[in-house]
>>> print(open('protein_35.pdb').read())   # PDB, C-alpha atoms
ATOM      1  CA  MET A   1      95.754  64.767  75.462
ATOM      2  CA  LYS A   2      93.854  66.162  78.384
ATOM      3  CA  ARG A   3      95.626  66.767  81.656
ATOM      4  CA  LEU A   4      94.338  64.630  84.493
ATOM      5  CA  ILE A   5      92.997  66.617  87.422
ATOM      6  CA  ASN A   6      94.583  65.591  90.692
ATOM      7  CA  ALA A   7      92.470  66.007  93.832
ATOM      8  CA  ASP A   8      95.546  67.050  95.846
ATOM      9  CA  ASP A   9      96.296  69.823  93.342
ATOM     10  CA  VAL A  10      92.724  71.114  93.567
ATOM     11  CA  ILE A  11      92.848  71.177  97.369
ATOM     12  CA  PHE A  12      96.227  72.956  97.265
ATOM     13  CA  ASP A  13      94.907  75.571  94.829
ATOM     14  CA  VAL A  14      91.803  76.217  96.916
ATOM     15  CA  ILE A  15      93.803  76.633 100.139
ATOM     16  CA  ASN A  16      96.336  78.786  98.315
ATOM     17  CA  TYR A  17      93.658  81.117  96.910
ATOM     18  CA  ILE A  18      91.970  81.411 100.309
ATOM     19  CA  LEU A  19      95.221  82.280 102.111
ATOM     20  CA  LEU A  20      96.306  84.758  99.426
ATOM     21  CA  SER A  21      92.868  86.389  99.481
ATOM     22  CA  LEU A  22      93.127  86.817 103.262
ATOM     23  CA  VAL A  23      96.604  88.329 102.940
ATOM     24  CA  LEU A  24      95.340  90.681 100.219
ATOM     25  CA  LEU A  25      92.407  91.716 102.409
ATOM     26  CA  ILE A  26      94.700  92.381 105.375
ATOM     27  CA  ILE A  27      96.913  94.599 103.213
ATOM     28  CA  ILE A  28      94.205  96.402 101.231
ATOM     29  CA  TYR A  29      91.582  97.047 103.919
ATOM     30  CA  PRO A  30      93.608  99.534 106.051
ATOM     31  CA  LEU A  31      94.266 101.616 102.916
ATOM     32  CA  TYR A  32      90.620 101.398 101.918
ATOM     33  CA  PHE A  33      89.492 102.359 105.428
ATOM     34  CA  ILE A  34      91.707 105.459 105.415
ATOM     35  CA  ILE A  35      90.120 106.548 102.126
ATOM     36  CA  ILE A  36      86.516 106.097 103.254
ATOM     37  CA  ALA A  37      87.264 107.582 106.698
ATOM     38  CA  SER A  38      88.747 110.718 105.130
ATOM     39  CA  ILE A  39      85.499 111.471 103.261
ATOM     40  CA  SER A  40      83.111 110.366 106.028
ATOM     41  CA  SER A  41      81.663 112.318 108.903
ATOM     42  CA  PRO A  42      84.242 112.308 111.748
ATOM     43  CA  LEU A  43      81.498 111.500 114.246
ATOM     44  CA  GLU A  44      80.514 108.387 112.282
ATOM     45  CA  VAL A  45      84.156 107.292 112.168
ATOM     46  CA  LEU A  46      84.692 107.741 115.912
ATOM     47  CA  ASN A  47      81.449 105.871 116.657
ATOM     48  CA  GLY A  48      82.686 102.915 114.610
ATOM     49  CA  ASN A  49      79.921 103.130 112.019
ATOM     50  CA  VAL A  50      82.315 103.390 109.072
ATOM     51  CA  ILE A  51      83.428  99.874 108.183
ATOM     52  CA  PHE A  52      82.914  99.143 104.490
ATOM     53  CA  LEU A  53      81.171 102.228 103.102
ATOM     54  CA  PRO A  54      81.576 105.956 103.835
ATOM     55  CA  LYS A  55      78.822 107.633 105.833
ATOM     56  CA  GLY A  56      77.958 111.297 105.948
ATOM     57  CA  ILE A  57      80.201 112.044 102.980
ATOM     58  CA  THR A  58      82.055 115.342 103.313
ATOM     59  CA  LEU A  59      85.200 116.857 101.791
ATOM     60  CA  ASP A  60      85.763 119.384 104.585
ATOM     61  CA  ALA A  61      89.006 117.699 105.630
ATOM     62  CA  PHE A  62      90.585 118.131 102.198
ATOM     63  CA  ARG A  63      89.284 121.692 101.960
ATOM     64  CA  LEU A  64      90.990 122.565 105.247
ATOM     65  CA  ILE A  65      94.174 120.695 104.311
ATOM     66  CA  PHE A  66      94.677 122.601 101.066
ATOM     67  CA  LYS A  67      93.898 125.821 102.900
ATOM     68  CA  ASP A  68      96.796 125.357 105.314
ATOM     69  CA  LYS A  69      99.961 127.197 104.216
ATOM     70  CA  ASP A  70     102.334 124.946 106.184
ATOM     71  CA  ILE A  71     101.084 121.825 104.406
ATOM     72  CA  LEU A  72     101.325 123.414 100.964
ATOM     73  CA  THR A  73     104.833 124.683 101.727
ATOM     74  CA  GLY A  74     105.832 121.265 103.064
ATOM     75  CA  TYR A  75     104.422 119.589  99.956
ATOM     76  CA  ARG A  76     106.413 121.930  97.714
ATOM     77  CA  ASN A  77     109.598 121.357  99.720
ATOM     78  CA  THR A  78     109.164 117.577  99.664
ATOM     79  CA  ILE A  79     108.712 117.556  95.889
ATOM     80  CA  LEU A  80     111.836 119.710  95.572
ATOM     81  CA  TYR A  81     113.894 117.475  97.884
ATOM     82  CA  THR A  82     112.640 114.326  96.168
ATOM     83  CA  VAL A  83     113.292 115.444  92.582
ATOM     84  CA  ILE A  84     116.688 117.092  93.133
ATOM     85  CA  GLY A  85     117.790 114.560  95.754
ATOM     86  CA  THR A  86     116.884 111.568  93.579
ATOM     87  CA  PHE A  87     118.750 113.072  90.623
ATOM     88  CA  ILE A  88     121.865 113.544  92.780
ATOM     89  CA  ASN A  89     121.501 110.015  94.168
ATOM     90  CA  ILE A  90     121.164 108.419  90.739
ATOM     91  CA  MET A  91     124.173 110.256  89.298
ATOM     92  CA  MET A  92     126.357 109.464  92.328
ATOM     93  CA  THR A  93     125.273 105.819  92.280
ATOM     94  CA  ILE A  94     125.981 105.449  88.560
ATOM     95  CA  PHE A  95     129.423 107.089  88.779
ATOM     96  CA  ALA A  96     130.331 104.842  91.728
ATOM     97  CA  ALA A  97     128.862 101.606  90.353
ATOM     98  CA  TYR A  98     130.213 101.813  86.797
ATOM     99  CA  PRO A  99     133.963 101.750  87.606
ATOM    100  CA  LEU A 100     133.382  99.099  90.273
ATOM    101  CA  SER A 101     131.692  96.914  87.641
ATOM    102  CA  ARG A 102     134.661  97.133  85.251
ATOM    103  CA  LYS A 103     136.698  93.945  85.629
ATOM    104  CA  ASP A 104     139.718  95.569  83.988
ATOM    105  CA  TRP A 105     139.974  98.345  86.595
ATOM    106  CA  VAL A 106     143.031  97.784  88.807
ATOM    107  CA  GLY A 107     141.659  99.397  91.996
ATOM    108  CA  ARG A 108     138.268  97.660  91.843
ATOM    109  CA  LYS A 109     138.686  95.280  94.792
ATOM    110  CA  PHE A 110     140.453  97.815  97.017
ATOM    111  CA  PHE A 111     137.820 100.538  96.615
ATOM    112  CA  THR A 112     135.019  97.998  96.977
ATOM    113  CA  PHE A 113     136.514  96.919 100.312
ATOM    114  CA  ILE A 114     136.866 100.546 101.499
ATOM    115  CA  LEU A 115     133.263 101.344 100.544
ATOM    116  CA  VAL A 116     131.837  98.195 102.118
ATOM    117  CA  LEU A 117     133.731  99.014 105.315
ATOM    118  CA  THR A 118     131.601 102.152 105.713
ATOM    119  CA  MET A 119     128.480  99.972 105.927
ATOM    120  CA  PHE A 120     129.690  98.600 109.277
ATOM    121  CA  PHE A 121     131.264 101.706 110.829
ATOM    122  CA  SER A 122     129.975 105.275 110.979
ATOM    123  CA  GLY A 123     130.759 108.396 112.942
ATOM    124  CA  GLY A 124     127.355 108.625 114.574
ATOM    125  CA  LEU A 125     124.823 111.402 114.943
ATOM    126  CA  ILE A 126     126.888 113.956 116.884
ATOM    127  CA  PRO A 127     129.918 113.927 114.515
ATOM    128  CA  SER A 128     127.520 114.119 111.570
ATOM    129  CA  TYR A 129     125.763 117.114 113.116
ATOM    130  CA  ILE A 130     129.113 118.842 113.752
ATOM    131  CA  LEU A 131     130.193 118.124 110.163
ATOM    132  CA  ILE A 132     126.990 119.581 108.706
ATOM    133  CA  THR A 133     127.421 122.668 110.873
ATOM    134  CA  LYS A 134     131.079 123.144 109.941
ATOM    135  CA  LEU A 135     130.280 122.785 106.236
ATOM    136  CA  GLY A 136     127.855 125.694 106.578
ATOM    137  CA  ILE A 137     124.844 123.807 105.232
ATOM    138  CA  TYR A 138     122.942 123.596 108.517
ATOM    139  CA  ASN A 139     119.381 124.928 108.137
ATOM    140  CA  THR A 140     119.687 124.983 104.338
ATOM    141  CA  VAL A 141     118.237 122.907 101.507
ATOM    142  CA  TRP A 142     121.590 121.154 101.102
ATOM    143  CA  ALA A 143     121.315 119.629 104.560
ATOM    144  CA  MET A 144     118.505 117.487 103.124
ATOM    145  CA  LEU A 145     120.413 116.532  99.965
ATOM    146  CA  ILE A 146     124.137 116.157 100.646
ATOM    147  CA  PRO A 147     124.318 113.803 103.702
ATOM    148  CA  GLY A 148     122.383 111.052 101.918
ATOM    149  CA  ALA A 149     123.770 111.679  98.432
ATOM    150  CA  VAL A 150     124.504 107.987  97.865
ATOM    151  CA  SER A 151     123.563 104.650  99.383
ATOM    152  CA  LEU A 152     126.280 102.013  99.234
ATOM    153  CA  TRP A 153     123.734  99.211  99.203
ATOM    154  CA  ASN A 154     122.186 100.687  96.055
ATOM    155  CA  VAL A 155     125.671 101.083  94.552
ATOM    156  CA  ILE A 156     126.262  97.365  95.081
ATOM    157  CA  ILE A 157     122.930  96.457  93.441
ATOM    158  CA  THR A 158     123.684  98.709  90.453
ATOM    159  CA  ARG A 159     127.238  97.423  90.140
ATOM    160  CA  THR A 160     125.977  93.834  90.193
ATOM    161  CA  TYR A 161     123.475  94.635  87.456
ATOM    162  CA  PHE A 162     126.125  96.297  85.283
ATOM    163  CA  SER A 163     128.578  93.414  85.644
ATOM    164  CA  SER A 164     126.043  90.594  85.215
ATOM    165  CA  SER A 165     123.645  91.975  82.608
ATOM    166  CA  ILE A 166     126.007  93.823  80.257
ATOM    167  CA  PRO A 167     128.156  91.363  78.244
ATOM    168  CA  ASP A 168     131.914  92.029  78.256
ATOM    169  CA  SER A 169     131.991  91.958  74.472
ATOM    170  CA  LEU A 170     129.821  95.081  74.284
ATOM    171  CA  PRO A 171     132.301  97.510  75.923
ATOM    172  CA  GLU A 172     135.169  95.868  74.020
ATOM    173  CA  ALA A 173     133.430  96.437  70.691
ATOM    174  CA  ALA A 174     132.624 100.032  71.682
ATOM    175  CA  PHE A 175     136.261 100.760  72.578
ATOM    176  CA  ILE A 176     137.441  99.301  69.278
ATOM    177  CA  ASP A 177     135.127 101.765  67.513
ATOM    178  CA  GLY A 178     136.743 104.632  69.430
ATOM    179  CA  CYS A 179     134.088 105.084  72.125
ATOM    180  CA  SER A 180     135.184 106.777  75.361
ATOM    181  CA  ASN A 181     134.136 105.657  78.835
ATOM    182  CA  LEU A 182     131.582 108.469  79.197
ATOM    183  CA  LYS A 183     130.021 107.714  75.798
ATOM    184  CA  LEU A 184     129.964 104.023  76.642
ATOM    185  CA  LEU A 185     128.226 104.758  79.939
ATOM    186  CA  PHE A 186     125.590 107.206  78.696
ATOM    187  CA  ARG A 187     124.931 105.835  75.201
ATOM    188  CA  ILE A 188     125.190 102.073  75.766
ATOM    189  CA  ILE A 189     125.240 101.015  79.428
ATOM    190  CA  LEU A 190     122.479 103.256  80.801
ATOM    191  CA  PRO A 191     119.942 102.665  77.973
ATOM    192  CA  LEU A 192     120.336  98.935  78.634
ATOM    193  CA  SER A 193     119.952  99.423  82.399
ATOM    194  CA  LYS A 194     116.435 100.856  82.610
ATOM    195  CA  PRO A 195     115.221  98.146  85.044
ATOM    196  CA  VAL A 196     117.852  98.803  87.701
ATOM    197  CA  LEU A 197     117.595 102.571  87.190
ATOM    198  CA  ALA A 198     113.837 102.335  87.812
ATOM    199  CA  VAL A 199     114.568 100.436  91.022
ATOM    200  CA  MET A 200     117.039 103.094  92.137
ATOM    201  CA  VAL A 201     114.630 105.935  91.334
ATOM    202  CA  LEU A 202     111.927 104.221  93.377
ATOM    203  CA  PHE A 203     114.221 103.438  96.314
ATOM    204  CA  TYR A 204     115.744 106.906  96.490
ATOM    205  CA  GLY A 205     112.467 108.681  95.718
ATOM    206  CA  VAL A 206     110.556 106.896  98.479
ATOM    207  CA  SER A 207     113.430 107.530 100.894
ATOM    208  CA  HIS A 208     113.382 111.278 100.198
ATOM    209  CA  TRP A 209     109.588 111.457 100.251
ATOM    210  CA  ASN A 210     109.345 109.755 103.644
ATOM    211  CA  SER A 211     112.386 111.457 105.181
ATOM    212  CA  PHE A 212     111.754 113.507 108.314
ATOM    213  CA  PHE A 213     114.641 112.663 110.662
ATOM    214  CA  SER A 214     117.237 114.695 108.745
ATOM    215  CA  ALA A 215     114.876 117.679 108.729
ATOM    216  CA  LEU A 216     114.230 117.198 112.437
ATOM    217  CA  ILE A 217     117.974 117.378 113.155
ATOM    218  CA  TYR A 218     119.288 119.833 110.561
ATOM    219  CA  LEU A 219     116.407 122.282 110.001
ATOM    220  CA  ASN A 220     114.716 124.819 112.286
ATOM    221  CA  ASN A 221     113.237 127.096 109.622
ATOM    222  CA  ARG A 222     109.595 126.116 109.038
ATOM    223  CA  LYS A 223     109.758 127.407 105.482
ATOM    224  CA  LEU A 224     112.204 124.560 104.713
ATOM    225  CA  PHE A 225     110.265 121.800 106.514
ATOM    226  CA  PRO A 226     109.295 118.827 104.315
ATOM    227  CA  LEU A 227     105.758 117.477 104.315
ATOM    228  CA  GLN A 228     106.651 114.517 106.550
ATOM    229  CA  LEU A 229     107.803 116.813 109.354
ATOM    230  CA  ILE A 230     104.511 118.717 109.153
ATOM    231  CA  LEU A 231     102.663 115.397 109.230
ATOM    232  CA  ARG A 232     104.659 114.334 112.267
ATOM    233  CA  GLU A 233     103.525 117.434 114.135
ATOM    234  CA  ILE A 234      99.901 116.771 113.215
ATOM    235  CA  LEU A 235      99.698 112.970 113.532
ATOM    236  CA  VAL A 236     102.045 112.424 116.480
ATOM    237  CA  GLN A 237     102.062 115.697 118.402
ATOM    238  CA  ASN A 238      98.510 116.833 117.462
ATOM    239  CA  LYS A 239      99.749 120.301 116.452
ATOM    240  CA  PHE A 240      97.360 121.938 113.996
ATOM    241  CA  SER A 241      97.705 125.278 112.277
ATOM    242  CA  GLU A 242      95.320 127.923 113.569
ATOM    243  CA  ASP A 243      94.329 128.672 109.975
ATOM    244  CA  MET A 244      93.212 125.092 109.537
ATOM    245  CA  LEU A 245      90.685 125.009 112.377
ATOM    246  CA  VAL A 246      89.824 128.679 112.670
ATOM    247  CA  GLU A 247      86.294 128.107 111.335
ATOM    248  CA  GLU A 248      85.468 125.527 113.985
ATOM    249  CA  GLU A 249      84.201 127.190 117.149
ATOM    250  CA  SER A 250      83.538 124.393 119.625
ATOM    251  CA  ILE A 251      86.339 122.246 121.056
ATOM    252  CA  LEU A 252      84.434 119.037 120.237
ATOM    253  CA  LYS A 253      83.989 119.992 116.602
ATOM    254  CA  ARG A 254      87.656 120.893 116.344
ATOM    255  CA  GLN A 255      88.634 117.480 117.652
ATOM    256  CA  LEU A 256      86.307 115.735 115.203
ATOM    257  CA  VAL A 257      87.599 117.708 112.234
ATOM    258  CA  ALA A 258      91.195 117.105 113.400
ATOM    259  CA  GLU A 259      90.636 113.341 113.235
ATOM    260  CA  SER A 260      89.249 113.628 109.712
ATOM    261  CA  ILE A 261      92.209 115.799 108.673
ATOM    262  CA  LYS A 262      94.646 113.092 109.790
ATOM    263  CA  TYR A 263      93.131 110.553 107.397
ATOM    264  CA  GLY A 264      93.158 113.078 104.568
ATOM    265  CA  LEU A 265      96.815 113.907 105.170
ATOM    266  CA  ILE A 266      97.803 110.245 104.942
ATOM    267  CA  ILE A 267      96.123 109.995 101.537
ATOM    268  CA  ILE A 268      97.713 113.187 100.228
ATOM    269  CA  ALA A 269     101.165 112.102 101.420
ATOM    270  CA  SER A 270     100.877 108.615  99.891
ATOM    271  CA  ALA A 271      99.074 109.407  96.633
ATOM    272  CA  PRO A 272     102.080 110.390  94.430
ATOM    273  CA  PHE A 273     103.996 107.127  94.807
ATOM    274  CA  ILE A 274     100.841 105.020  94.699
ATOM    275  CA  ALA A 275     100.164 106.637  91.312
ATOM    276  CA  ILE A 276     103.750 106.338  90.044
ATOM    277  CA  TYR A 277     104.486 102.742  91.081
ATOM    278  CA  PRO A 278     102.230 101.010  88.486
ATOM    279  CA  LEU A 279     104.041 102.891  85.707
ATOM    280  CA  ILE A 280     107.452 101.471  86.650
ATOM    281  CA  GLN A 281     106.364  98.151  88.163
ATOM    282  CA  LYS A 282     107.620  96.010  85.272
ATOM    283  CA  TYR A 283     111.062  97.628  85.427
ATOM    284  CA  PHE A 284     111.093  97.418  89.208
ATOM    285  CA  VAL A 285     110.409  93.665  89.323
ATOM    286  CA  LYS A 286     112.956  92.862  86.620
ATOM    287  CA  GLY A 287     115.639  95.137  88.039
ATOM    288  CA  ILE A 288     115.414  94.033  91.652
ATOM    289  CA  MET A 289     115.464  90.334  90.725
ATOM    290  CA  VAL A 290     118.420  90.538  88.341
ATOM    291  CA  GLY A 291     120.359  92.972  90.485
ATOM    292  CA  SER A 292     120.042  90.903  93.636
ATOM    293  CA  ILE A 293     120.269  87.290  92.390
ATOM    294  CA  LYS A 294     122.932  87.362  89.693
ATOM    295  CA  GLY A 295     126.585  88.058  90.388
TER     296      GLY A 295
END
>>> encode(input="protein_35.pdb", output="structure tokens")
Amino acid sequence: MKRLINADDVIFDVINYILLSLVLLIIIYPLYFIIIASISSPLEVLNGNVIFLPKGITLDAFRLIFKDKDILTGYRNTILYTVIGTFINIMMTIFAAYPLSRKDWVGRKFFTFILVLTMFFSGGLIPSYILITKLGIYNTVWAMLIPGAVSLWNVIITRTYFSSSIPDSLPEAAFIDGCSNLKLLFRIILPLSKPVLAVMVLFYGVSHWNSFFSALIYLNNRKLFPLQLILREILVQNKFSEDMLVEEESILKRQLVAESIKYGLIIIASAPFIAIYPLIQKYFVKGIMVGSIKG
């Protein structure tokens, strides 16, 4: 039996596709423009001639970017902070969320209340700065890793996933077979929690990759600066390394090349997570929906 076509449904679908296409264009075009502007002649970009296609194609901006030692050092530091920091975050989140998800744990409600309380009250920037200084981790790698070792909001999402997606009969059966809590966690719970773990990796990874405020407050050694702090100097304060523009003699040409470098830096800074996200998208969607709705 053929489905009757309703005129109202057709009109709705047409309007829906038009609106969604406009939204997609609004989101995609700025990213596309940055890409074509980074490989176009800076003069063409400033004159407004680059709209849909690149003009005067050149890769000078990327050549100068990868020549700059500060950017390469910042890139290396950011990768280091992101990888190590995300690992610390995931382990801390798991070890906090697992006991809170156990309904048979006596102190579950009390510790949940204490942890949630910290979401509404904090010491502030000055006490945090004093604490970092007193701990002796000021101007060290640990100043970028320890202060944000765990996010309570992510602990709550992970705890909700553990308690709502893992049936109670599974831990009970494991304990009957002589399984310890650590074996239960690492051999049963975590393999079944790939969606929420993918969400946590993405959340923490993006947070570390985009972080610049902690470095701005706790670091003064340029060799420890993350990429985002270098980008801040270039994009906001217009501070360029002398090595980057040493080949450009005239002031006008330096300004043109500087504009092109800015677009190239945005691409280089965004490329890793743009490449990684499609690989974990299916886990991300499933994890964020289950972890936030159920419970």
>>> closest_residue(input="protein_35.pdb", among="A:Phe213, A:Phe203, A:Ala173, A:Trp153", to="A:Leu125", atoms="all atoms listed in the file")
A:Phe213
>>> resolve_selection(input="protein_35.pdb", expression="the PyMOL selection byres ((chain A and resi 81) around 9)", output="short mmCIF file (atom, residue, chain, number, x, y, z; two decimals) with C-alpha atoms, keeping the file's coordinate frame")
data_model
loop_
_atom_site.label_atom_id
_atom_site.label_comp_id
_atom_site.auth_asym_id
_atom_site.auth_seq_id
_atom_site.Cartn_x
_atom_site.Cartn_y
_atom_site.Cartn_z
CA ARG A 76 106.41 121.93 97.71
CA ASN A 77 109.60 121.36 99.72
CA THR A 78 109.16 117.58 99.66
CA ILE A 79 108.71 117.56 95.89
CA LEU A 80 111.84 119.71 95.57
CA THR A 82 112.64 114.33 96.17
CA VAL A 83 113.29 115.44 92.58
CA ILE A 84 116.69 117.09 93.13
CA GLY A 85 117.79 114.56 95.75
CA THR A 86 116.88 111.57 93.58
CA VAL A 141 118.24 122.91 101.51
CA MET A 144 118.50 117.49 103.12
CA LEU A 145 120.41 116.53 99.96
CA HIS A 208 113.38 111.28 100.20
CA TRP A 209 109.59 111.46 100.25
CA PRO A 226 109.30 118.83 104.32
#
>>> atom_distance(input="protein_35.pdb", atom1="atom CA of A:Pro99", atom2="atom CA of A:Leu182")
11.0 Å
>>> closest_residue(input="protein_35.pdb", among="A:Ala97, A:Asn47, A:Pro195, A:Leu131", to="A:Thr160", atoms="all atoms listed in the file")
A:Ala97
>>> residues_around(input="protein_35.pdb", residues="A:Asn181", least_positions_apart="5", cutoff="10 Å", atoms="only C-alpha atoms", output="PyMOL selection string")
chain A and resi 98-99+171+174-175+186-187
>>> resolve_selection(input="protein_35.pdb", expression="the PyMOL selection byres ((chain A and resi 100-114) around 10)", output="VMD selection string")
chain A and resid 94 to 99 115 to 119 152 155 to 156 158 to 164 166 168 171
>>> atom_distance(input="protein_35.pdb", atom1="atom CA of A:Tyr204", atom2="atom CA of A:Ile90")
8.0 Å
>>> atom_distance(input="protein_35.pdb", atom1="atom CA of A:Ile51", atom2="atom CA of A:Leu265")
19.6 Å
>>> closest_residue(input="protein_35.pdb", among="A:Leu227, A:Leu46, A:Ile39, A:Ile18", to="A:Arg63", atoms="all atoms listed in the file")
A:Ile39
>>> residues_around(input="protein_35.pdb", residues="stretch 24-35 of chain A", least_positions_apart="5", cutoff="9 Å", atoms="only C-alpha atoms", output="mmCIF file with C-alpha atoms, keeping the file's coordinate frame")
data_model
loop_
_atom_site.group_PDB
_atom_site.id
_atom_site.type_symbol
_atom_site.label_atom_id
_atom_site.label_comp_id
_atom_site.auth_asym_id
_atom_site.auth_seq_id
_atom_site.Cartn_x
_atom_site.Cartn_y
_atom_site.Cartn_z
ATOM 1 C CA LEU A 19 95.221 82.280 102.111
ATOM 2 C CA SER A 40 83.111 110.366 106.028
ATOM 3 C CA VAL A 50 82.315 103.390 109.072
ATOM 4 C CA ILE A 51 83.428 99.874 108.183
ATOM 5 C CA PHE A 52 82.914 99.143 104.490
ATOM 6 C CA LEU A 53 81.171 102.228 103.102
ATOM 7 C CA PRO A 54 81.576 105.956 103.835
ATOM 8 C CA TYR A 263 93.131 110.553 107.397
ATOM 9 C CA GLY A 264 93.158 113.078 104.568
ATOM 10 C CA ILE A 266 97.803 110.245 104.942
ATOM 11 C CA ILE A 267 96.123 109.995 101.537
#
>>> closest_residue(input="protein_35.pdb", among="A:Ala258, A:Ile268, A:Ser151, A:Gly124", to="A:Leu43", atoms="all atoms listed in the file")
A:Ala258
>>> closest_residue(input="protein_35.pdb", among="A:Ile11, A:Asn221, A:Ala198, A:Ala37", to="A:Phe62", atoms="all atoms listed in the file")
A:Ala37
